[in-house]
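**Q** What follows is a structure written as structure tokens; I'll ask about it next.
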Amino acid sequence: MKQFQLKTLLATVTIISILFSCKKDKNVLVDQPVATAGVYVLNQGNFGANNSSLSFFDYTAKTTTSDRFNAVNGTKLGDTGNDAKIYGSKMYIVVNVSSTVEVVNAKTTKSIQQVKMFNGTVGRQPRYVVFNKNKAFISSYDGTVAIMDTTTLAIEKYITVGRNPEQMVVSNGKLYVANSGGLSFGNPDKTVSVIDLNTLIETKKITVIANPVSMAADSYGNVYVLSAGDYSSILPGMTIIDNATDAVKTTSTTLSGAYGTSIVVSGDFAYFLTSDNKVVVYNVKTQTVAKTNFITDGTAIKTPYSIAFDSTTGEVFVADAKDYASNGQLFAFDKNGVLEKAKGYPVTVGINPGTIVFVNK
């Protein structure tokens, strides 16, 4: 669905995400720690084709491994890799259609354990993962959030939330969950579940703009929710929630992101992609738009599909899905919004590169 371009959904009833293929690079060591810092890109793969992959770009060598997971483990990642995050020494890769979470060594991508996300014989269709105090929280399309112990990798509990939950964020001792209802075309959910992280119980649901998908939080007590609307009468927009009272502070249909793209907050600024192929910079302190487009050098990105911000360098990374059937590209812009060509960008990755993850030395 991502603006009807399917960045994240299995999709509304008959909509199909078109995703991935990879490009092979040579002379890359496998099953050994990455020599220098770099960036992973999780590519979703063609829906139903079991060809998700994990690209890796080495900052120093300026070389790309098109499918590091396969190279290291000798097996495919699965069908529709939807999210990946590093917590401690491990990276957690959420594979939606395969209903698995691949837990790997963050630096080597060597498999530690594959966690199956099934209710009996039915896949739960996991979507996103966040972390808090040695617990991983995994949203699934079956209307649950799973709690995984990050030491044992055992699922300890499932919490029932709203329909087809998507992204989540931890703020003020609570987990906020965007209940999209995105699989019910024309009848989306319009709530955010609030889970107390001490009791691990849902305490309330907050009404927001319909079809909430993307979430972030700032240091001023605000939780941001980007919603896709119903693709008809309800416009997409942003809802801002007060994390002290869990009351809605503002809603706006003039601020909206491309479907499924993350909203990234660092310090006083939030960054997100728009449906007209721009990178908006929003000042979370003043609650105003700081820049209508972060990119200043005229670089054109055909189909912006995911975004990440490196707080150590001030760089903004944007992945381009191109035509949803060919290899995509990863762009990196310096703090002035200029493409970093000298560093080797853009980098060729897979089809529909949906998640960008930085790995340290």
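Residues in the structure tokens are named by chain (A, B, ... in the order shown) and by number from 1 within that chain; ligands are numbered from 1 in the order shown.
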Within 9 Å of Gly344 in chain A, counting only C-alpha atoms, which residues show up once you throw out same-chain ones fewer than 3 positions away? Write them as a list in words, please.

**A**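 Once the adjacent positions are removed, what remains is Tyr59, Lys62, Thr63, Glu340, Lys341 and Val347 of chain A.
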
**Q** Let me see the file: selected residues, C-alpha atoms, as a PDB file, in the first residue's frame.

**A**
```
ATOM      1  CA  TYR A  59      31.779   2.231   4.058  1.00  0.00           C
ATOM      2  CA  LYS A  62      32.808   0.913  -0.951  1.00  0.00           C
ATOM      3  CA  THR A  63      31.684  -2.559  -1.937  1.00  0.00           C
ATOM      4  CA  GLU A 340      27.693  11.909  -1.264  1.00  0.00           C
ATOM      5  CA  LYS A 341      29.056  10.738  -4.607  1.00  0.00           C
ATOM      6  CA  VAL A 347      24.518   2.081  -4.167  1.00  0.00           C
TER       7      VAL A 347
END
```

**Q** So that I can check the surroundings of Phe56 in chain A, please list as JSON, numbers by chain every protein, DNA and RNA residue that reaches within 12 Å of it, counting only C-alpha atoms and ignoring chain neighbours fewer than 3 positions away.

**A** {"A": [22, 23, 24, 25, 28, 29, 30, 34, 36, 37, 38, 39, 40, 41, 42, 43, 53, 59, 61, 62, 63, 64, 65, 66, 67, 68, 69, 70, 71, 72, 106, 107, 108, 109, 330, 347, 348, 349, 350, 353, 355, 356, 357, 358, 359]}

**Q** What does the distance between CA of Gly181 in chain A and CA of Ser140 in chain A come to in Å, to one decimal place?

**A** 11.5 Å

**Q** Hey, what does DSSP flag as strand (DSSP E) within range 187-356 of chain A? Can you give it to me as number ranges by chain?

**A** A: 191-196, 201-207, 212-217, 222-227, 237-242, 248-252, 264-266, 269-273, 279-283, 288-291, 304-310, 315-320, 329-333, 347-348, 353-356

**Q** My list of candidates is A:Gly237, A:Gly182, A:Pro126, A:Pro346. Which is closest to Asn211 in chain A when distances are computed with only C-alpha atoms?

**A** A:Gly182

**Q** Please provide as a list in words all residues within 8 Å of Lys335 in chain A, with the sequence filter that same-chain residues fewer than 6 positions apart are discarded (counting only C-alpha atoms).

**A**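 Contacts, with the query itself left out: Thr313, Gly314, Glu315 and Val316 of chain A.
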
**Q** Could you take the residues named above and write them with C-alpha atoms, as a tab-separated table (two decimals), in the first residue's frame?

**A**
```tsv
chain	number	residue	atom	x	y	z
A	313	THR	CA	27.17	12.15	11.08
A	314	GLY	CA	23.97	14.04	10.29
A	315	GLU	CA	23.57	12.03	7.09
A	316	VAL	CA	20.15	11.20	5.67
```
